[in-house]
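Undergrad: File upload18.tsv below, TSV, C-alpha atoms and all ligand atoms:
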```tsv
chain	number	residue	atom	x	y	z
A	1	MET	CA	-34.10	91.16	152.08
A	2	ASN	CA	-34.31	89.82	155.66
A	3	GLU	CA	-31.07	89.03	157.45
A	4	ILE	CA	-30.47	85.30	157.69
A	5	VAL	CA	-29.13	84.13	161.07
A	6	LEU	CA	-27.06	80.99	160.69
A	7	ASP	CA	-25.86	78.47	163.21
A	8	LEU	CA	-22.20	78.53	162.22
A	9	LYS	CA	-21.57	75.16	163.86
A	10	ASP	CA	-23.56	73.54	161.05
A	11	TYR	CA	-20.97	74.64	158.49
A	12	LYS	CA	-17.78	72.71	157.91
A	13	ASP	CA	-15.24	71.75	155.23
A	14	VAL	CA	-13.23	73.79	152.77
A	15	TRP	CA	-14.51	73.64	149.19
A	16	VAL	CA	-12.77	74.54	145.98
A	17	PHE	CA	-14.67	75.01	142.74
A	18	THR	CA	-12.38	72.94	140.53
A	19	GLU	CA	-13.25	74.44	137.19
A	20	ILE	CA	-12.79	72.45	134.00
A	21	LYS	CA	-11.29	74.72	131.37
A	22	ASP	CA	-12.46	74.53	127.76
A	23	HIS	CA	-13.81	71.04	128.60
A	24	VAL	CA	-10.28	69.63	128.22
A	25	ARG	CA	-8.34	70.19	131.44
A	26	VAL	CA	-8.56	71.18	135.07
A	27	GLU	CA	-8.00	74.92	135.45
A	28	GLU	CA	-4.43	75.43	136.74
A	29	CYS	CA	-5.55	78.13	139.15
A	30	ALA	CA	-7.98	75.69	140.80
A	31	LEU	CA	-5.13	73.22	141.36
A	32	GLU	CA	-3.04	76.01	142.89
A	33	ILE	CA	-5.92	76.92	145.21
A	34	LEU	CA	-6.20	73.29	146.34
A	35	GLY	CA	-2.61	73.55	147.67
A	36	LYS	CA	-3.47	76.49	149.92
A	37	ALA	CA	-6.93	75.17	150.74
A	38	ARG	CA	-5.27	72.00	152.09
A	39	GLU	CA	-3.42	74.15	154.66
A	40	VAL	CA	-6.61	76.01	155.58
A	41	ALA	CA	-8.50	72.71	155.97
A	42	ASN	CA	-5.73	71.34	158.21
A	43	GLN	CA	-5.84	74.43	160.41
A	44	LEU	CA	-9.61	74.23	160.70
A	45	ASN	CA	-9.43	70.45	161.13
A	46	GLU	CA	-11.93	70.08	158.34
A	47	LYS	CA	-12.00	68.21	155.05
A	48	LEU	CA	-10.83	69.56	151.69
A	49	VAL	CA	-13.50	69.02	149.05
A	50	ALA	CA	-13.21	69.60	145.28
A	51	ILE	CA	-16.40	70.43	143.40
A	52	VAL	CA	-16.35	69.31	139.76
A	53	MET	CA	-19.08	69.86	137.19
A	54	ALA	CA	-18.35	68.82	133.62
A	55	LEU	CA	-19.10	66.63	130.68
A	56	GLU	CA	-17.61	63.21	131.53
A	57	ALA	CA	-16.31	64.62	134.80
A	58	GLU	CA	-14.75	61.28	135.82
A	59	GLN	CA	-11.81	61.81	133.45
A	60	TYR	CA	-10.57	64.81	135.48
A	61	LEU	CA	-10.71	63.19	138.90
A	62	PRO	CA	-7.24	61.51	138.80
A	63	VAL	CA	-5.54	64.90	138.30
A	64	ILE	CA	-7.52	66.47	141.13
A	65	GLU	CA	-6.72	63.54	143.44
A	66	GLU	CA	-3.02	64.47	143.25
A	67	HIS	CA	-3.65	67.77	145.05
A	68	GLY	CA	-4.51	66.87	148.62
A	69	VAL	CA	-8.29	66.47	148.48
A	70	ASP	CA	-10.21	64.35	150.99
A	71	ARG	CA	-13.33	64.25	148.93
A	72	ILE	CA	-14.55	65.01	145.41
A	73	ILE	CA	-18.18	65.89	144.82
A	74	TYR	CA	-18.93	65.79	141.12
A	75	MET	CA	-21.65	65.94	138.50
A	76	SER	CA	-21.29	64.70	134.98
A	77	HIS	CA	-23.63	65.62	132.12
A	78	PRO	CA	-23.53	67.08	128.57
A	79	ASP	CA	-25.34	70.20	129.88
A	80	LEU	CA	-22.23	70.91	131.95
A	81	LYS	CA	-19.83	70.94	128.99
A	82	HIS	CA	-19.78	74.76	128.95
A	83	TYR	CA	-20.25	77.07	131.91
A	84	HIS	CA	-23.87	78.16	132.01
A	85	GLU	CA	-24.64	80.99	134.40
A	86	ARG	CA	-28.08	79.82	135.45
A	87	ILE	CA	-27.53	76.05	135.56
A	88	PHE	CA	-24.20	76.23	137.42
A	89	THR	CA	-25.49	78.81	139.90
A	90	ASP	CA	-28.61	76.78	140.72
A	91	LEU	CA	-26.72	73.50	141.05
A	92	VAL	CA	-23.84	74.89	143.13
A	93	PHE	CA	-26.24	76.77	145.39
A	94	ASP	CA	-28.18	73.53	145.95
A	95	LEU	CA	-24.93	71.79	146.91
A	96	VAL	CA	-24.07	74.55	149.39
A	97	GLU	CA	-27.51	74.30	150.97
A	98	LYS	CA	-27.22	70.54	151.25
A	99	PHE	CA	-23.63	70.14	152.48
A	100	LYS	CA	-22.98	73.52	154.16
A	101	PRO	CA	-19.27	74.23	153.56
A	102	SER	CA	-17.54	76.70	155.90
A	103	VAL	CA	-15.15	78.03	153.22
A	104	PHE	CA	-15.67	78.08	149.44
A	105	LEU	CA	-12.86	79.18	147.10
A	106	PHE	CA	-13.08	79.90	143.39
A	107	PRO	CA	-10.46	80.53	140.70
A	108	SER	CA	-10.56	84.12	139.50
A	109	THR	CA	-11.51	83.21	135.93
A	110	GLU	CA	-14.43	84.44	133.84
A	111	ALA	CA	-16.60	81.54	134.99
A	112	GLY	CA	-15.20	81.43	138.54
A	113	ASN	CA	-15.83	85.13	139.15
A	114	ALA	CA	-19.33	85.05	137.71
A	115	LEU	CA	-20.31	81.91	139.60
A	116	ALA	CA	-18.81	83.00	142.94
A	117	ALA	CA	-20.68	86.32	142.82
A	118	ARG	CA	-24.00	84.66	142.04
A	119	VAL	CA	-23.64	81.93	144.65
A	120	ALA	CA	-22.53	84.46	147.30
A	121	TYR	CA	-25.62	86.56	146.61
A	122	ARG	CA	-27.91	83.54	146.86
A	123	CYS	CA	-26.27	82.50	150.15
A	124	GLN	CA	-26.41	86.08	151.45
A	125	THR	CA	-22.74	85.87	152.34
A	126	GLY	CA	-19.70	88.00	151.55
A	127	LEU	CA	-17.26	87.45	148.70
A	128	VAL	CA	-13.64	88.64	148.74
A	129	SER	CA	-12.12	88.86	145.27
A	130	ASP	CA	-8.49	88.14	144.39
A	131	VAL	CA	-7.18	87.28	147.85
A	132	LEU	CA	-3.47	86.94	148.55
A	133	ASP	CA	-3.48	84.80	151.70
A	134	PHE	CA	-5.55	83.39	154.56
A	135	GLU	CA	-5.13	83.05	158.30
A	136	LEU	CA	-7.31	81.94	161.16
A	137	SER	CA	-8.93	84.84	162.95
A	138	GLU	CA	-7.75	85.38	166.52
A	139	GLU	CA	-10.38	87.97	167.34
A	140	PHE	CA	-13.35	85.73	167.42
A	141	GLY	CA	-12.41	83.85	170.59
A	142	LEU	CA	-14.16	80.52	170.61
A	143	ASN	CA	-15.15	80.90	167.03
A	144	LEU	CA	-11.84	79.62	165.71
A	145	ARG	CA	-13.46	78.45	162.55
A	146	ASN	CA	-13.31	81.90	161.09
A	147	THR	CA	-10.75	82.59	158.38
A	148	GLU	CA	-9.46	85.98	157.37
A	149	ALA	CA	-8.59	86.74	153.79
A	150	PHE	CA	-5.94	89.27	152.78
A	151	LYS	CA	-6.63	91.47	149.80
A	152	PRO	CA	-4.66	94.33	148.19
A	153	ALA	CA	-6.52	97.65	148.22
A	154	TYR	CA	-5.84	101.19	147.04
A	155	GLY	CA	-3.71	100.09	144.11
A	156	GLY	CA	-1.85	97.55	146.25
A	157	ASN	CA	-0.52	100.20	148.64
A	158	ILE	CA	-2.25	98.58	151.59
A	159	HIS	CA	-3.32	95.06	152.36
A	160	VAL	CA	-6.62	94.66	154.13
A	161	LYS	CA	-7.78	91.74	156.24
A	162	ILE	CA	-11.38	90.81	155.62
A	163	ASP	CA	-13.42	88.36	157.61
A	164	CYS	CA	-16.92	87.09	157.36
A	165	PRO	CA	-18.01	86.52	160.97
A	166	ASN	CA	-21.76	85.93	160.70
A	167	SER	CA	-22.46	84.26	157.40
A	168	ARG	CA	-21.35	81.12	155.62
A	169	PRO	CA	-19.71	79.97	153.50
A	170	GLN	CA	-16.72	82.32	153.68
A	171	MET	CA	-16.13	82.89	149.99
A	172	CYS	CA	-13.13	84.15	148.01
A	173	THR	CA	-11.78	84.20	144.48
A	174	VAL	CA	-8.06	83.69	143.88
A	175	THR	CA	-6.00	84.88	140.89
A	176	ARG	CA	-3.76	82.44	139.04
A	177	GLY	CA	-0.19	82.42	140.38
A	178	THR	CA	-1.14	83.51	143.93
A	179	PHE	CA	-0.50	80.06	145.41
A	180	LYS	CA	1.71	77.16	144.35
A	181	LYS	CA	0.40	73.77	143.32
A	182	LYS	CA	1.23	71.05	145.84
A	183	ILE	CA	1.34	67.39	144.94
A	184	LEU	CA	-0.14	65.33	147.74
A	185	LYS	CA	-2.30	62.25	147.44
A	186	LYS	CA	-4.40	61.27	150.42
A	187	LYS	CA	-4.67	57.56	151.17
A	188	LYS	CA	-8.42	57.66	151.27
A	189	ILE	CA	-10.33	59.90	148.88
A	190	ASP	CA	-14.07	59.84	148.99
A	191	HIS	CA	-15.91	60.24	145.64
A	192	GLN	CA	-19.48	61.41	145.70
A	193	LYS	CA	-21.33	61.55	142.41
A	194	ILE	CA	-24.43	63.73	142.44
A	195	GLU	CA	-26.93	62.74	139.77
A	196	TYR	CA	-27.55	65.66	137.43
A	197	SER	CA	-31.11	66.80	137.34
A	198	TYR	CA	-32.19	70.19	136.09
A	199	ASP	CA	-35.46	71.56	134.83
A	200	LYS	CA	-34.32	73.60	131.83
A	201	SER	CA	-37.81	74.96	131.22
A	202	LYS	CA	-37.15	77.56	133.94
A	203	ILE	CA	-34.34	79.09	131.88
A	204	LYS	CA	-35.78	82.11	130.14
A	205	ILE	CA	-32.67	82.88	128.07
A	206	LYS	CA	-32.01	80.74	125.02
A	207	ILE	CA	-28.36	80.38	124.03
A	208	VAL	CA	-28.22	80.40	120.24
A	209	GLY	CA	-24.46	79.98	119.89
A	210	THR	CA	-21.21	80.22	121.77
A	211	PRO	CA	-19.19	83.21	120.50
A	212	THR	CA	-15.56	82.70	119.61
A	213	ARG	CA	-13.25	85.68	119.88
A	214	LYS	CA	-11.41	85.98	116.60
A	215	ASP	CA	-8.66	88.10	118.08
A	216	LYS	CA	-7.74	85.43	120.64
A	217	PRO	CA	-4.47	83.61	119.93
A	218	SER	CA	-4.56	79.83	119.76
A	219	SER	CA	-1.78	79.58	122.37
A	220	ARG	CA	-2.41	81.15	125.74
A	221	LEU	CA	-0.24	83.87	127.23
A	222	SER	CA	-0.46	82.15	130.60
A	223	ASP	CA	1.19	79.02	129.14
A	224	ALA	CA	3.94	80.86	127.19
A	225	LYS	CA	7.58	80.15	128.05
A	226	PHE	CA	8.90	83.47	126.73
A	227	VAL	CA	6.87	86.65	127.12
A	228	ILE	CA	7.79	90.09	125.78
A	229	GLY	CA	5.96	92.81	127.69
A	230	GLY	CA	5.38	96.33	126.50
A	231	GLY	CA	4.30	99.45	128.33
A	232	HIS	CA	3.55	103.09	127.79
A	233	GLY	CA	7.29	103.85	127.74
A	234	LEU	CA	7.47	102.55	124.15
A	235	SER	CA	5.65	105.81	123.34
A	236	SER	CA	3.88	104.88	120.06
A	237	LYS	CA	1.88	102.15	118.36
A	238	GLU	CA	4.57	101.92	115.71
A	239	ASN	CA	7.22	101.16	118.34
A	240	PHE	CA	4.90	98.76	120.15
A	241	ASN	CA	4.32	96.80	116.93
A	242	LYS	CA	8.02	95.98	116.88
A	243	LEU	CA	7.41	93.73	119.92
A	244	PHE	CA	5.25	91.48	117.71
A	245	GLU	CA	8.09	91.34	115.18
A	246	LEU	CA	10.54	90.37	117.93
A	247	ALA	CA	8.10	87.73	119.20
A	248	ARG	CA	7.83	86.26	115.71
A	249	LEU	CA	11.61	86.05	115.38
A	250	THR	CA	12.17	84.57	118.85
A	251	ASN	CA	9.12	82.35	119.21
A	252	GLY	CA	7.87	84.47	122.08
A	253	GLN	CA	4.49	85.98	122.91
A	254	VAL	CA	3.60	89.61	123.43
A	255	GLY	CA	1.75	90.90	126.48
A	256	GLY	CA	1.66	94.24	128.20
A	257	THR	CA	0.28	96.63	130.73
A	258	ARG	CA	-3.12	98.26	130.67
A	259	ARG	CA	-1.75	101.48	129.16
A	260	PRO	CA	-1.13	100.16	125.62
A	261	ILE	CA	-4.72	98.87	125.60
A	262	LEU	CA	-6.01	102.32	126.52
A	263	ASP	CA	-3.77	103.75	123.77
A	264	ASP	CA	-5.14	101.16	121.34
A	265	TRP	CA	-1.71	99.66	120.66
A	266	MET	CA	-2.61	96.16	121.84
A	267	PRO	CA	-5.78	94.04	122.19
A	268	GLU	CA	-7.28	93.58	125.63
A	269	HIS	CA	-6.67	89.85	125.98
A	270	LEU	CA	-2.89	90.50	126.07
A	271	GLN	CA	-3.08	92.44	129.33
A	272	ILE	CA	-0.94	90.99	132.10
A	273	GLY	CA	-1.81	91.67	135.71
A	274	ILE	CA	-4.52	91.72	138.29
A	275	SER	CA	-7.28	92.23	135.74
A	276	GLY	CA	-5.52	90.32	132.96
A	277	GLU	CA	-3.42	87.19	132.62
A	278	THR	CA	-0.99	85.79	135.17
A	279	ILE	CA	2.11	84.54	133.40
A	280	THR	CA	4.71	81.98	134.47
A	281	PRO	CA	7.32	82.01	131.69
A	282	SER	CA	10.99	81.08	131.91
A	283	LEU	CA	11.80	84.58	130.70
A	284	TYR	CA	9.86	87.85	130.80
A	285	ILE	CA	11.33	90.99	129.24
A	286	ALA	CA	9.59	94.25	130.16
A	287	PHE	CA	10.03	97.18	127.77
A	288	GLY	CA	9.11	100.62	129.14
A	289	ILE	CA	6.95	99.33	132.01
A	290	SER	CA	6.78	101.23	135.30
A	291	GLY	CA	6.04	98.25	137.58
A	292	ALA	CA	2.64	99.18	139.01
A	293	ILE	CA	1.46	96.53	141.49
A	294	GLN	CA	-1.51	95.69	139.24
A	295	HIS	CA	0.97	94.57	136.59
A	296	VAL	CA	3.61	93.03	138.84
A	297	VAL	CA	1.22	90.56	140.52
A	298	GLY	CA	0.81	89.00	137.08
A	299	ILE	CA	4.55	88.52	136.40
A	300	ASN	CA	5.92	87.54	139.82
A	301	ASP	CA	6.08	83.85	139.00
A	302	SER	CA	8.27	84.36	135.93
A	303	GLN	CA	11.56	82.52	136.39
A	304	THR	CA	13.70	85.40	135.12
A	305	ILE	CA	12.63	89.02	134.62
A	306	ILE	CA	14.66	91.50	132.60
A	307	SER	CA	13.41	95.10	132.64
A	308	ILE	CA	14.39	97.99	130.44
A	309	ASN	CA	13.48	101.42	131.74
A	310	LYS	CA	15.15	104.79	131.36
A	311	ASP	CA	14.29	105.74	134.95
A	312	PRO	CA	16.86	104.23	137.38
A	313	ASN	CA	14.24	104.40	140.16
A	314	ALA	CA	11.51	102.58	138.23
A	315	THR	CA	9.53	100.28	140.53
A	316	ILE	CA	9.75	97.40	138.06
A	317	PHE	CA	13.45	97.07	138.95
A	318	ASP	CA	12.44	95.89	142.46
A	319	SER	CA	10.90	92.77	140.91
A	320	SER	CA	13.55	92.22	138.22
A	321	ASP	CA	16.53	89.87	138.03
A	322	TYR	CA	18.31	92.09	135.49
A	323	CYS	CA	17.76	95.85	135.27
A	324	VAL	CA	18.71	97.71	132.12
A	325	ILE	CA	18.68	101.49	132.49
A	326	ALA	CA	18.27	102.51	128.86
A	327	ASP	CA	15.89	103.64	126.16
A	328	ALA	CA	13.58	100.65	125.55
A	329	ASN	CA	13.16	101.52	121.88
A	330	GLU	CA	16.91	101.46	121.28
A	331	ILE	CA	17.27	98.04	122.93
A	332	LEU	CA	14.30	96.77	120.93
A	333	GLU	CA	15.87	97.99	117.65
A	334	GLY	CA	19.15	96.32	118.61
A	335	LEU	CA	17.46	92.99	119.35
A	336	LEU	CA	15.54	93.11	116.07
A	337	GLU	CA	18.72	93.74	114.13
A	338	HIS	CA	20.43	90.89	115.99
A	339	TYR	CA	17.67	88.34	115.29
A	340	LYS	CA	16.98	89.41	111.71
A	341	VAL	CA	20.46	88.39	110.53
B	1	LIG	C1	-8.42	98.54	139.14
B	1	LIG	C2	-7.19	98.61	138.29
B	1	LIG	C3	-6.78	97.47	137.66
B	1	LIG	C4	-5.63	97.50	136.86
B	1	LIG	N1	-5.22	96.35	136.28
B	1	LIG	C5	-4.07	96.35	135.59
B	1	LIG	C6	-3.55	95.14	135.03
B	1	LIG	O1	-4.13	94.06	135.14
B	1	LIG	N2	-2.38	95.22	134.36
B	1	LIG	C7	-1.67	96.38	134.21
B	1	LIG	O2	-0.60	96.34	133.61
B	1	LIG	N3	-2.16	97.52	134.71
B	1	LIG	C8	-3.33	97.54	135.38
B	1	LIG	N4	-3.79	98.72	135.89
B	1	LIG	C9	-3.06	99.97	135.54
B	1	LIG	C10	-1.81	100.17	136.41
B	1	LIG	O3	-2.18	100.77	137.61
B	1	LIG	C11	-0.79	101.09	135.71
B	1	LIG	O4	-1.42	102.30	135.35
B	1	LIG	C12	-0.20	100.48	134.43
B	1	LIG	O5	0.30	99.19	134.69
B	1	LIG	C13	0.95	101.38	133.97
B	1	LIG	O6	1.35	100.98	132.70
B	1	LIG	P1	2.81	101.32	132.15
B	1	LIG	O7	3.83	100.85	133.13
B	1	LIG	O8	2.86	100.77	130.78
B	1	LIG	O9	2.78	102.91	132.00
B	1	LIG	P2	3.40	104.07	132.86
B	1	LIG	O10	2.96	104.00	134.27
B	1	LIG	O11	3.11	105.34	132.11
B	1	LIG	O12	4.97	103.80	132.86
B	1	LIG	C14	5.78	103.94	131.73
B	1	LIG	C15	7.21	103.61	132.14
B	1	LIG	O13	8.04	103.66	131.00
B	1	LIG	C16	9.24	104.32	131.32
B	1	LIG	N5	9.72	104.93	130.09
B	1	LIG	C17	9.28	106.03	129.43
B	1	LIG	N6	9.94	106.20	128.29
B	1	LIG	C18	10.83	105.20	128.22
B	1	LIG	C19	11.82	104.83	127.27
B	1	LIG	N7	11.99	105.50	126.11
B	1	LIG	N8	12.57	103.73	127.51
B	1	LIG	C20	12.41	103.01	128.66
B	1	LIG	N9	11.51	103.32	129.60
B	1	LIG	C21	10.71	104.38	129.37
B	1	LIG	C22	8.86	105.32	132.39
B	1	LIG	O14	10.02	105.61	133.20
B	1	LIG	C23	7.81	104.55	133.18
B	1	LIG	O15	8.40	103.80	134.21
B	1	LIG	C24	-4.92	98.71	136.69
B	1	LIG	C25	-5.35	99.86	137.34
B	1	LIG	C26	-6.48	99.81	138.12
B	1	LIG	C27	-6.91	101.08	138.81
```
How does the structure come out when it is put into structure tokens?

TA:
Amino acid sequence: MNEIVLDLKDYKDVWVFTEIKDHVRVEECALEILGKAREVANQLNEKLVAIVMALEAEQYLPVIEEHGVDRIIYMSHPDLKHYHERIFTDLVFDLVEKFKPSVFLFPSTEAGNALAARVAYRCQTGLVSDVLDFELSEEFGLNLRNTEAFKPAYGGNIHVKIDCPNSRPQMCTVTRGTFKKKILKKKKIDHQKIEYSYDKSKIKIKIVGTPTRKDKPSSRLSDAKFVIGGGHGLSSKENFNKLFELARLTNGQVGGTRRPILDDWMPEHLQIGISGETITPSLYIAFGISGAIQHVVGINDSQTIISINKDPNATIFDSSDYCVIADANEILEGLLEHYKV
């Protein structure tokens, strides 16, 4: 493919793909991104724009307006009720071509990741996944409109700065819990409705049904107030199963590290961390978890963390409010006995 040379001056404004989750609510992660994107827009002296595509999109606009946006560009149509790879990619790419944003941020969700990758490819620009922060680039002299994204690399042992000097938009995905929501309502918010028009005859794939995952719980781990986490330190499936018993007795929810999934002790959707859920409970109790960065990024926003590990130097203790140096299975047995009576 030929290299596209852009006139960067044509590109302005910070966009956030404000995903509508399960066609009932605005994705929390998108609202969190708006808080940070507001700061980036202020630094660039550009506008913050939310992009909304949904069935009856108007109903979500009041929530989005509370998060510092200058403008909302939205489309509303029954075809947009569920995320559709082809339709969303075509429509969002058309918007980018028309309005030319300088920065475009996406929540790191199934739809957000898929859409960001496809749009970035179409725009022939870079995409940084799961960024931790942004700052204006100093190195580009007059080109102060450049933003640098920070991303953990090599298992979180180093943080790299990545910039996108020659192409636009500068695109990133952001994991839930990375930024905090900020309530801020601008006096003047511009609404721009784009009439939906799409020639579906060009879609070669016919969707015959939307699969539902039977193993998915009705309540989401990311919304749980009490989460009980298990790791490889529990040493067997039988021991791990006791976490589910404790959760039943205490009205909690079980999650865990990647290891119990690999060991087939726990289904995949219960993974907490960089490639799983981000949780924000009042209380998180970690049983036999080492504290690898890939897990810890998903628990950092818990109000209180209690960790049980037999190794006094376990990394998880660095992120914990209470550290229990003990055998996790013994503590688990004790709690079960306590709650059973
Ligand atoms: C690209 C990538 C993405 C990843 N994404 C994720 C992710 O999203 N989430 C995630 O969790 N991981 C993820 N991982 C894996 C991650 O790096 C770690 O390997 C994993 O979190 C370790 O799981 P663990 O703490 O359960 O197991 P281990 O590292 O084996 O640690 C077990 C801990 O239990 C303790 N222990 C042992 N016996 C006992 C006992 N009887 N009582 C108390 N403590 C005991 C040990 O001291 C140790 O600290 C990812 C890895 C990669 C490369």

Undergrad: Hey, could you pull the box centre and edge lengths for ligand LIG 1 (chain B), axis-aligned, 5 Å padding per side, all listed atoms, to one decimal in Å, as JSON?

TA:
```
{"center_x": 2.1, "center_y": 100.1, "center_z": 132.6, "size_x": 31.0, "size_y": 22.1, "size_z": 23.0}
```

Undergrad: Tell me which of A:Asp22, A:Asp327, A:Glu46, A:Asp264 sits closest to ligand LIG 1 (chain B), counting all atoms listed in the file.

TA: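 Closest residue, counting all atoms listed in the file: A:Asp327.
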
Undergrad: Select from chain A every residue with an atom at most 9 Å from any atom of ligand LIG 1 (chain B), then for each give the shortest pair of atoms and their distance in Å to one decimal, using all atoms listed in the file, rows by chain and rising number, as a tab-separated table.

TA:
```
residue	atom	partner	partner_atom	distance
A:Tyr154	CA	B:LIG1	C27	8.3
A:Gly155	CA	B:LIG1	C27	6.3
A:Gly230	CA	B:LIG1	O8	6.7
A:Gly231	CA	B:LIG1	O8	3.1
A:His232	CA	B:LIG1	O8	3.8
A:Gly233	CA	B:LIG1	O13	3.4
A:Leu234	CA	B:LIG1	N7	5.7
A:Ser235	CA	B:LIG1	N6	6.6
A:Gly256	CA	B:LIG1	O2	6.2
A:Thr257	CA	B:LIG1	O2	3.0
A:Arg258	CA	B:LIG1	N3	4.2
A:Arg259	CA	B:LIG1	O6	4.7
A:Pro260	CA	B:LIG1	O8	6.6
A:Gln271	CA	B:LIG1	N2	5.8
A:Ile272	CA	B:LIG1	N2	5.0
A:Gly273	CA	B:LIG1	O1	3.4
A:Ile274	CA	B:LIG1	O1	3.9
A:Ser275	CA	B:LIG1	O1	3.7
A:Gly276	CA	B:LIG1	O1	4.5
A:Glu277	CA	B:LIG1	O1	7.4
A:Thr278	CA	B:LIG1	O1	8.8
A:Phe287	CA	B:LIG1	C20	6.4
A:Gly288	CA	B:LIG1	N9	3.6
A:Ile289	CA	B:LIG1	O7	3.6
A:Ser290	CA	B:LIG1	O15	3.2
A:Gly291	CA	B:LIG1	O7	5.6
A:Ala292	CA	B:LIG1	O5	4.9
A:Ile293	CA	B:LIG1	O3	6.8
A:Gln294	CA	B:LIG1	C5	4.5
A:His295	CA	B:LIG1	O2	3.8
A:Val296	CA	B:LIG1	O2	7.5
A:Val297	CA	B:LIG1	O1	8.4
A:Gly298	CA	B:LIG1	O1	7.3
A:Ser307	CA	B:LIG1	C20	8.9
A:Ile308	CA	B:LIG1	C20	5.7
A:Asn309	CA	B:LIG1	N9	3.5
A:Lys310	CA	B:LIG1	C20	4.2
A:Asp311	CA	B:LIG1	O14	4.6
A:Pro312	CA	B:LIG1	O14	8.1
A:Asn313	CA	B:LIG1	O14	8.2
A:Ala314	CA	B:LIG1	O15	5.2
A:Thr315	CA	B:LIG1	O15	7.3
A:Ile316	CA	B:LIG1	O15	7.6
A:Val324	CA	B:LIG1	C20	8.9
A:Ile325	CA	B:LIG1	C20	7.5
A:Ala326	CA	B:LIG1	C20	5.9
A:Asp327	CA	B:LIG1	N8	3.6
A:Ala328	CA	B:LIG1	N8	3.8
A:Asn329	CA	B:LIG1	N7	5.9
A:Glu330	CA	B:LIG1	N8	7.9
A:Ile331	CA	B:LIG1	N8	8.7
```

Undergrad: Using only C-alpha atoms for the distances, tell me which of A:Arg118, A:Lys181, A:His269, A:Lys340 is nearest to Ser222 in chain A.

TA: A:His269

Undergrad: In Å, how far is it from CA of Gln124 in chain A to CA of Gly177 in chain A?

TA: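 Taking CA of Gln124 in chain A and CA of Gly177 in chain A, their separation equals 28.7 Å.
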